[in-house]
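Trainee: I have a structure I would like to understand better, so I am pasting it below and will then ask my questions one at a time.
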Amino acid sequence: NPMSKICNRILILLCLVLNLCITTAYAYNGNLEDITLSVAVERKVSPDLAYVTYSLIGNGATSKLATDAAAVKASTVKKALLKNAITSDMLEQVSYHINPIYNDKRKIIGYKAVNNVKVRVEQIDKLGDIIDSLTAGGADNIGNISYTLKNRESYQELLLQDAIHMARKKAAVIAQAGGRNLGRMLTARINSYTSMPRMANAVMLKSAEAADTVSTVLEHREIELRADVETAFALE
């Protein structure tokens, strides 16, 4: 019977598909014996890079005069920073804006130009001298100082490697204590972050006379690196 033969073929095909689905599900059902654990690794590293923000303010009867006044200060500060090997490519303009100045009757009596600049400091030990140069050069305000690392990614990669090695070592101890051998790593979920210390308050500006006689001394905190790893290893 042709119809019977077709039904038999369909039945055989369904059985093959069902068997394949069952085999596939069994291979990836996650029922392997394993050991899971979480490991956290922390390191403290001295920063090798810092950023300092400062402001230059120019006032004038017109916006052009205010801009020119701010430009004069910028030129003076650049010359002062050059004495500490800070060149133009280490300076980045963060923002620049011009605002009118009003009297108590809301009448414009002048303009104020504010130039906010960030300087990259690669020699941490000269940070105090650079602050003094900013003061001597006529910076109107010195903002927060942030510390970081030149090659942060490399530090994080090394930290993650340490975390995985520590996880495997601890898992091997547990497996051996239970009379088993540790197999391959099955899964790993990694969360790493870097904590960057930052001075909370702006640096107090000294007078030009004080800058010539007393050097600024800054103490920086170490950068805290941390990696959290959740792992699973097979047991043999």
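Note on naming: chains are A, B, ... as they come in the structure tokens, residues start from 1 per chain, ligands start from 1 in the order shown.
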Per residue of stretch 29-78 of chain A within 9 Å of stretch 133-156 of chain A, what are the shortest atom pair and its distance in Å to one decimal, counting only C-alpha atoms, with rows by chain and residue number, as a tab-separated table?
Mentor:
residue	atom	partner	partner_atom	distance
A:Val45	CA	A:Leu149	CA	8.7
A:Ser46	CA	A:Leu149	CA	8.3
A:Pro47	CA	A:Thr148	CA	5.4
A:Asp48	CA	A:Leu149	CA	5.4
A:Leu49	CA	A:Thr148	CA	5.3
A:Ala50	CA	A:Tyr147	CA	4.4
A:Tyr51	CA	A:Ser146	CA	5.3
A:Val52	CA	A:Ile145	CA	4.8
A:Thr53	CA	A:Gly143	CA	5.0
A:Tyr54	CA	A:Ile142	CA	4.2
A:Ser55	CA	A:Asn141	CA	5.0
A:Leu56	CA	A:Asp140	CA	5.4
A:Ile57	CA	A:Asp140	CA	6.4
A:Lys73	CA	A:Gly138	CA	6.3
A:Ala74	CA	A:Ala139	CA	8.2
A:Ser75	CA	A:Gly137	CA	8.7
A:Thr76	CA	A:Gly137	CA	5.4
A:Val77	CA	A:Gly137	CA	4.3
A:Lys78	CA	A:Gly137	CA	7.8
Trainee: Store the residues picked out above in a file with N, CA, C and O atoms, as a compact mmCIF listing (two decimals), in the first residue's frame.
Mentor:
# COMPACT_ATOMS: atom_id res chain seq x y z
N VAL A 45 48.32 50.22 43.16
CA VAL A 45 49.39 50.64 42.27
C VAL A 45 49.57 52.15 42.37
O VAL A 45 48.59 52.90 42.43
N SER A 46 50.81 52.58 42.38
CA SER A 46 51.08 54.03 42.41
C SER A 46 50.76 54.63 41.04
O SER A 46 51.15 54.08 40.01
N PRO A 47 50.07 55.75 40.99
CA PRO A 47 49.73 56.36 39.70
C PRO A 47 50.96 56.89 39.00
O PRO A 47 51.94 57.28 39.63
N ASP A 48 50.93 56.87 37.67
CA ASP A 48 52.03 57.41 36.89
C ASP A 48 51.55 58.49 35.91
O ASP A 48 52.28 58.88 35.00
N LEU A 49 50.31 58.95 36.11
CA LEU A 49 49.75 59.97 35.24
C LEU A 49 48.71 60.78 36.03
O LEU A 49 47.95 60.21 36.81
N ALA A 50 48.70 62.08 35.82
CA ALA A 50 47.73 62.94 36.51
C ALA A 50 47.21 64.00 35.55
O ALA A 50 47.87 64.37 34.56
N TYR A 51 46.01 64.47 35.84
CA TYR A 51 45.41 65.57 35.08
C TYR A 51 45.03 66.69 36.04
O TYR A 51 44.43 66.44 37.08
N VAL A 52 45.37 67.91 35.65
CA VAL A 52 45.05 69.07 36.46
C VAL A 52 44.23 70.04 35.60
O VAL A 52 44.62 70.35 34.47
N THR A 53 43.12 70.50 36.13
CA THR A 53 42.32 71.50 35.42
C THR A 53 42.54 72.87 36.04
O THR A 53 42.69 72.99 37.26
N TYR A 54 42.57 73.88 35.20
CA TYR A 54 42.72 75.24 35.70
C TYR A 54 41.89 76.18 34.82
O TYR A 54 41.53 75.86 33.69
N SER A 55 41.60 77.34 35.37
CA SER A 55 40.77 78.33 34.67
C SER A 55 41.52 79.64 34.50
O SER A 55 42.26 80.06 35.38
N LEU A 56 41.29 80.27 33.36
CA LEU A 56 41.84 81.59 33.06
C LEU A 56 40.68 82.53 32.77
O LEU A 56 39.84 82.24 31.91
N ILE A 57 40.61 83.63 33.50
CA ILE A 57 39.48 84.55 33.38
C ILE A 57 39.97 85.90 32.87
O ILE A 57 40.94 86.46 33.38
N LYS A 73 46.62 85.82 29.50
CA LYS A 73 46.88 84.93 30.63
C LYS A 73 47.28 83.53 30.14
O LYS A 73 48.18 82.90 30.70
N ALA A 74 46.61 83.06 29.09
CA ALA A 74 46.92 81.73 28.56
C ALA A 74 48.36 81.66 28.06
O ALA A 74 49.07 80.67 28.29
N SER A 75 48.80 82.72 27.40
CA SER A 75 50.18 82.76 26.90
C SER A 75 51.19 82.78 28.05
O SER A 75 52.22 82.09 28.00
N THR A 76 50.87 83.54 29.09
CA THR A 76 51.77 83.62 30.25
C THR A 76 51.87 82.28 30.97
O THR A 76 52.95 81.85 31.37
N VAL A 77 50.72 81.62 31.11
CA VAL A 77 50.71 80.32 31.79
C VAL A 77 51.49 79.27 30.97
O VAL A 77 52.24 78.46 31.53
N LYS A 78 51.34 79.30 29.66
CA LYS A 78 52.07 78.36 28.81
C LYS A 78 53.58 78.51 28.98
O LYS A 78 54.33 77.54 29.05
Trainee: Which residues are close to A:Asp228, i.e. within 10 Å by only C-alpha atoms, leaving aside same-chain residues fewer than 3 positions away? Reply as a PyMOL selection string.
Mentor: chain A and resi 38-42+159-160+163-164+189-193+231
Trainee: Export all heavy atoms of the chosen residues as a short mmCIF file (atom, residue, chain, number, x, y, z; two decimals), in the first residue's frame?
Mentor:
data_model
loop_
_atom_site.label_atom_id
_atom_site.label_comp_id
_atom_site.auth_asym_id
_atom_site.auth_seq_id
_atom_site.Cartn_x
_atom_site.Cartn_y
_atom_site.Cartn_z
N SER A 38 33.80 31.80 43.63
CA SER A 38 34.05 33.20 43.29
C SER A 38 35.36 33.64 43.94
O SER A 38 35.66 33.28 45.09
CB SER A 38 32.91 34.10 43.77
OG SER A 38 31.70 33.73 43.14
N VAL A 39 36.13 34.42 43.22
CA VAL A 39 37.42 34.90 43.70
C VAL A 39 37.51 36.40 43.43
O VAL A 39 37.13 36.87 42.35
CB VAL A 39 38.59 34.17 43.01
CG1 VAL A 39 39.91 34.82 43.37
CG2 VAL A 39 38.60 32.70 43.41
N ALA A 40 38.03 37.14 44.39
CA ALA A 40 38.28 38.57 44.23
C ALA A 40 39.76 38.84 44.48
O ALA A 40 40.33 38.38 45.46
CB ALA A 40 37.42 39.38 45.20
N VAL A 41 40.37 39.57 43.58
CA VAL A 41 41.78 39.92 43.69
C VAL A 41 41.91 41.44 43.68
O VAL A 41 41.31 42.11 42.84
CB VAL A 41 42.60 39.31 42.53
CG1 VAL A 41 44.06 39.74 42.63
CG2 VAL A 41 42.49 37.80 42.53
N GLU A 42 42.70 41.96 44.58
CA GLU A 42 42.91 43.41 44.69
C GLU A 42 44.40 43.73 44.64
O GLU A 42 45.22 42.99 45.16
CB GLU A 42 42.30 43.96 45.97
CG GLU A 42 40.79 43.84 46.06
CD GLU A 42 40.23 44.44 47.33
OE1 GLU A 42 41.06 44.82 48.20
OE2 GLU A 42 39.00 44.52 47.48
N LEU A 159 45.68 41.45 36.32
CA LEU A 159 44.85 41.18 37.50
C LEU A 159 43.84 40.07 37.21
O LEU A 159 43.60 39.21 38.06
CB LEU A 159 44.13 42.47 37.92
CG LEU A 159 43.56 42.49 39.34
CD1 LEU A 159 44.68 42.40 40.36
CD2 LEU A 159 42.76 43.76 39.57
N LEU A 160 43.27 40.09 36.03
CA LEU A 160 42.31 39.04 35.66
C LEU A 160 43.00 37.69 35.56
O LEU A 160 42.43 36.66 35.96
CB LEU A 160 41.64 39.40 34.33
CG LEU A 160 40.68 40.58 34.37
CD1 LEU A 160 40.19 40.90 32.96
CD2 LEU A 160 39.50 40.29 35.27
N ALA A 163 43.42 36.41 38.98
CA ALA A 163 42.15 35.95 39.54
C ALA A 163 41.80 34.55 39.04
O ALA A 163 41.37 33.68 39.81
CB ALA A 163 41.04 36.94 39.19
N ILE A 164 41.99 34.30 37.74
CA ILE A 164 41.68 32.98 37.17
C ILE A 164 42.62 31.92 37.74
O ILE A 164 42.19 30.81 38.10
CB ILE A 164 41.80 33.01 35.64
CG1 ILE A 164 40.70 33.91 35.05
CG2 ILE A 164 41.70 31.61 35.06
CD1 ILE A 164 39.30 33.39 35.27
N ARG A 189 32.68 34.18 34.61
CA ARG A 189 32.04 35.49 34.50
C ARG A 189 32.91 36.49 35.24
O ARG A 189 33.15 36.36 36.44
CB ARG A 189 30.62 35.46 35.08
CG ARG A 189 29.86 36.76 34.84
CD ARG A 189 28.39 36.63 35.18
NE ARG A 189 28.19 36.38 36.60
CZ ARG A 189 26.99 36.21 37.14
NH1 ARG A 189 25.92 36.20 36.38
NH2 ARG A 189 26.87 36.02 38.45
N ILE A 190 33.36 37.49 34.52
CA ILE A 190 34.37 38.41 35.06
C ILE A 190 33.81 39.82 35.16
O ILE A 190 33.17 40.32 34.24
CB ILE A 190 35.62 38.40 34.16
CG1 ILE A 190 36.22 36.99 34.11
CG2 ILE A 190 36.65 39.40 34.67
CD1 ILE A 190 37.32 36.85 33.08
N ASN A 191 34.07 40.42 36.30
CA ASN A 191 33.72 41.83 36.50
C ASN A 191 34.93 42.52 37.08
O ASN A 191 35.33 42.24 38.20
CB ASN A 191 32.52 41.96 37.45
CG ASN A 191 32.21 43.40 37.76
OD1 ASN A 191 32.35 44.25 36.90
ND2 ASN A 191 31.81 43.68 38.99
N SER A 192 35.53 43.40 36.32
CA SER A 192 36.72 44.12 36.79
C SER A 192 36.46 45.61 36.74
O SER A 192 35.72 46.10 35.90
CB SER A 192 37.95 43.79 35.93
OG SER A 192 37.75 44.24 34.61
N TYR A 193 37.08 46.33 37.65
CA TYR A 193 36.94 47.77 37.64
C TYR A 193 38.16 48.41 38.25
O TYR A 193 38.95 47.76 38.94
CB TYR A 193 35.67 48.21 38.38
CG TYR A 193 35.72 47.95 39.87
CD1 TYR A 193 36.21 48.90 40.75
CD2 TYR A 193 35.26 46.75 40.39
CE1 TYR A 193 36.25 48.67 42.11
CE2 TYR A 193 35.30 46.51 41.75
CZ TYR A 193 35.79 47.46 42.60
OH TYR A 193 35.84 47.23 43.94
N THR A 231 33.67 31.38 38.58
CA THR A 231 34.12 30.32 37.70
C THR A 231 33.44 29.00 38.02
O THR A 231 32.92 28.80 39.12
CB THR A 231 35.63 30.12 37.79
OG1 THR A 231 35.97 29.79 39.15
CG2 THR A 231 36.39 31.36 37.37
#
Trainee: Considering only C-alpha atoms, can you say which of A:Glu236, A:Gln176, A:Asn116, A:Arg43 comes closest to A:Ser95?
Mentor: A:Asn116
Trainee: Select, from A:Ile109, A:Ile35, A:Ala167, A:Ile130, the residue with the minimum atom-to-atom distance to A:Lys79, counting only C-alpha atoms.
Mentor: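 With only C-alpha atoms as the atom set, the closest residue is A:Ile130.
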Trainee: Skipping near chain neighbours, those fewer than 6 positions away, what residues fall within 10 Å of A:Asn84 using only C-alpha atoms, listed as a PyMOL selection string?
Mentor: chain A and resi 121+123+126-127+129-130+133
Trainee: Which parts of stretch 136-188 of chain A does DSSP call helix (DSSP H, G or I) when run on the backbone here, written out as a PDB file with N, CA, C and O atoms, in the first residue's frame?
Mentor:
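Written out: result.pdb:
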ATOM      1  N   ALA A 136      52.079  81.049  39.454  1.00  0.00           N
ATOM      2  CA  ALA A 136      52.965  82.136  39.031  1.00  0.00           C
ATOM      3  C   ALA A 136      52.550  82.699  37.676  1.00  0.00           C
ATOM      4  O   ALA A 136      52.738  83.896  37.404  1.00  0.00           O
ATOM      5  N   GLY A 137      51.994  81.836  36.826  1.00  0.00           N
ATOM      6  CA  GLY A 137      51.600  82.286  35.493  1.00  0.00           C
ATOM      7  C   GLY A 137      50.303  83.070  35.467  1.00  0.00           C
ATOM      8  O   GLY A 137      49.971  83.672  34.437  1.00  0.00           O
ATOM      9  N   ARG A 152      46.512  51.365  31.795  1.00  0.00           N
ATOM     10  CA  ARG A 152      45.557  50.764  32.719  1.00  0.00           C
ATOM     11  C   ARG A 152      45.097  49.391  32.250  1.00  0.00           C
ATOM     12  O   ARG A 152      44.911  48.475  33.052  1.00  0.00           O
ATOM     13  N   GLU A 153      44.923  49.218  30.931  1.00  0.00           N
ATOM     14  CA  GLU A 153      44.427  47.947  30.423  1.00  0.00           C
ATOM     15  C   GLU A 153      45.370  46.793  30.737  1.00  0.00           C
ATOM     16  O   GLU A 153      44.934  45.684  31.061  1.00  0.00           O
ATOM     17  N   SER A 154      46.676  47.043  30.654  1.00  0.00           N
ATOM     18  CA  SER A 154      47.651  45.985  30.944  1.00  0.00           C
ATOM     19  C   SER A 154      47.570  45.543  32.400  1.00  0.00           C
ATOM     20  O   SER A 154      47.643  44.347  32.708  1.00  0.00           O
ATOM     21  N   TYR A 155      47.401  46.510  33.303  1.00  0.00           N
ATOM     22  CA  TYR A 155      47.249  46.170  34.722  1.00  0.00           C
ATOM     23  C   TYR A 155      45.996  45.333  34.941  1.00  0.00           C
ATOM     24  O   TYR A 155      46.009  44.363  35.706  1.00  0.00           O
ATOM     25  N   GLN A 156      44.908  45.684  34.274  1.00  0.00           N
ATOM     26  CA  GLN A 156      43.665  44.947  34.442  1.00  0.00           C
ATOM     27  C   GLN A 156      43.781  43.527  33.902  1.00  0.00           C
ATOM     28  O   GLN A 156      43.272  42.584  34.503  1.00  0.00           O
ATOM     29  N   GLU A 157      44.457  43.371  32.770  1.00  0.00           N
ATOM     30  CA  GLU A 157      44.636  42.039  32.194  1.00  0.00           C
ATOM     31  C   GLU A 157      45.449  41.139  33.132  1.00  0.00           C
ATOM     32  O   GLU A 157      45.112  39.963  33.326  1.00  0.00           O
ATOM     33  N   LEU A 158      46.514  41.692  33.701  1.00  0.00           N
ATOM     34  CA  LEU A 158      47.321  40.917  34.641  1.00  0.00           C
ATOM     35  C   LEU A 158      46.515  40.535  35.879  1.00  0.00           C
ATOM     36  O   LEU A 158      46.625  39.419  36.398  1.00  0.00           O
ATOM     37  N   LEU A 159      45.677  41.450  36.323  1.00  0.00           N
ATOM     38  CA  LEU A 159      44.853  41.182  37.496  1.00  0.00           C
ATOM     39  C   LEU A 159      43.842  40.074  37.213  1.00  0.00           C
ATOM     40  O   LEU A 159      43.597  39.206  38.058  1.00  0.00           O
ATOM     41  N   LEU A 160      43.267  40.089  36.035  1.00  0.00           N
ATOM     42  CA  LEU A 160      42.309  39.040  35.660  1.00  0.00           C
ATOM     43  C   LEU A 160      42.998  37.688  35.560  1.00  0.00           C
ATOM     44  O   LEU A 160      42.435  36.657  35.956  1.00  0.00           O
ATOM     45  N   GLN A 161      44.207  37.664  35.028  1.00  0.00           N
ATOM     46  CA  GLN A 161      44.969  36.411  34.972  1.00  0.00           C
ATOM     47  C   GLN A 161      45.226  35.876  36.376  1.00  0.00           C
ATOM     48  O   GLN A 161      45.074  34.674  36.631  1.00  0.00           O
ATOM     49  N   ASP A 162      45.604  36.766  37.286  1.00  0.00           N
ATOM     50  CA  ASP A 162      45.829  36.348  38.678  1.00  0.00           C
ATOM     51  C   ASP A 162      44.554  35.780  39.288  1.00  0.00           C
ATOM     52  O   ASP A 162      44.597  34.789  40.033  1.00  0.00           O
ATOM     53  N   ALA A 163      43.421  36.409  38.975  1.00  0.00           N
ATOM     54  CA  ALA A 163      42.150  35.947  39.540  1.00  0.00           C
ATOM     55  C   ALA A 163      41.796  34.552  39.035  1.00  0.00           C
ATOM     56  O   ALA A 163      41.367  33.684  39.809  1.00  0.00           O
ATOM     57  N   ILE A 164      41.987  34.296  37.738  1.00  0.00           N
ATOM     58  CA  ILE A 164      41.683  32.981  37.166  1.00  0.00           C
ATOM     59  C   ILE A 164      42.619  31.925  37.743  1.00  0.00           C
ATOM     60  O   ILE A 164      42.193  30.814  38.099  1.00  0.00           O
ATOM     61  N   HIS A 165      43.898  32.265  37.869  1.00  0.00           N
ATOM     62  CA  HIS A 165      44.860  31.308  38.432  1.00  0.00           C
ATOM     63  C   HIS A 165      44.520  30.982  39.887  1.00  0.00           C
ATOM     64  O   HIS A 165      44.609  29.825  40.310  1.00  0.00           O
ATOM     65  N   MET A 166      44.125  31.997  40.637  1.00  0.00           N
ATOM     66  CA  MET A 166      43.755  31.766  42.021  1.00  0.00           C
ATOM     67  C   MET A 166      42.499  30.899  42.112  1.00  0.00           C
ATOM     68  O   MET A 166      42.395  30.014  42.972  1.00  0.00           O
ATOM     69  N   ALA A 167      41.543  31.153  41.226  1.00  0.00           N
ATOM     70  CA  ALA A 167      40.312  30.359  41.216  1.00  0.00           C
ATOM     71  C   ALA A 167      40.615  28.896  40.927  1.00  0.00           C
ATOM     72  O   ALA A 167      40.095  27.992  41.591  1.00  0.00           O
ATOM     73  N   ARG A 168      41.462  28.637  39.944  1.00  0.00           N
ATOM     74  CA  ARG A 168      41.825  27.250  39.610  1.00  0.00           C
ATOM     75  C   ARG A 168      42.568  26.580  40.773  1.00  0.00           C
ATOM     76  O   ARG A 168      42.346  25.411  41.075  1.00  0.00           O
ATOM     77  N   LYS A 169      43.459  27.341  41.411  1.00  0.00           N
ATOM     78  CA  LYS A 169      44.225  26.784  42.522  1.00  0.00           C
ATOM     79  C   LYS A 169      43.316  26.384  43.675  1.00  0.00           C
ATOM     80  O   LYS A 169      43.442  25.285  44.250  1.00  0.00           O
ATOM     81  N   LYS A 170      42.358  27.262  44.016  1.00  0.00           N
ATOM     82  CA  LYS A 170      41.437  26.948  45.104  1.00  0.00           C
ATOM     83  C   LYS A 170      40.521  25.789  44.734  1.00  0.00           C
ATOM     84  O   LYS A 170      40.225  24.917  45.566  1.00  0.00           O
ATOM     85  N   ALA A 171      40.074  25.770  43.488  1.00  0.00           N
ATOM     86  CA  ALA A 171      39.203  24.685  43.044  1.00  0.00           C
ATOM     87  C   ALA A 171      39.933  23.344  43.076  1.00  0.00           C
ATOM     88  O   ALA A 171      39.348  22.317  43.434  1.00  0.00           O
ATOM     89  N   ALA A 172      41.228  23.343  42.730  1.00  0.00           N
ATOM     90  CA  ALA A 172      42.014  22.112  42.748  1.00  0.00           C
ATOM     91  C   ALA A 172      42.166  21.582  44.169  1.00  0.00           C
ATOM     92  O   ALA A 172      42.117  20.369  44.403  1.00  0.00           O
ATOM     93  N   VAL A 173      42.354  22.491  45.129  1.00  0.00           N
ATOM     94  CA  VAL A 173      42.466  22.079  46.529  1.00  0.00           C
ATOM     95  C   VAL A 173      41.171  21.422  47.003  1.00  0.00           C
ATOM     96  O   VAL A 173      41.183  20.369  47.661  1.00  0.00           O
ATOM     97  N   ILE A 174      40.050  22.029  46.648  1.00  0.00           N
ATOM     98  CA  ILE A 174      38.755  21.481  47.056  1.00  0.00           C
ATOM     99  C   ILE A 174      38.502  20.137  46.403  1.00  0.00           C
ATOM    100  O   ILE A 174      38.034  19.181  47.040  1.00  0.00           O
ATOM    101  N   ALA A 175      38.815  20.033  45.114  1.00  0.00           N
ATOM    102  CA  ALA A 175      38.609  18.774  44.398  1.00  0.00           C
ATOM    103  C   ALA A 175      39.474  17.657  44.980  1.00  0.00           C
ATOM    104  O   ALA A 175      39.007  16.533  45.190  1.00  0.00           O
ATOM    105  N   GLN A 176      40.735  17.964  45.278  1.00  0.00           N
ATOM    106  CA  GLN A 176      41.644  16.961  45.835  1.00  0.00           C
ATOM    107  C   GLN A 176      41.183  16.517  47.214  1.00  0.00           C
ATOM    108  O   GLN A 176      41.263  15.336  47.560  1.00  0.00           O
ATOM    109  N   ALA A 177      40.685  17.455  48.009  1.00  0.00           N
ATOM    110  CA  ALA A 177      40.194  17.097  49.337  1.00  0.00           C
ATOM    111  C   ALA A 177      39.004  16.150  49.251  1.00  0.00           C
ATOM    112  O   ALA A 177      38.774  15.338  50.153  1.00  0.00           O
TER     113      ALA A 177
END
Trainee: Of the candidates A:Val117, A:Ala234, A:Leu225, A:Lys105, which one gets nearest to A:Leu186 if we count only C-alpha atoms?
Mentor: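 Looking only at the distances to A:Leu186, the closest residue turns out to be A:Ala234.
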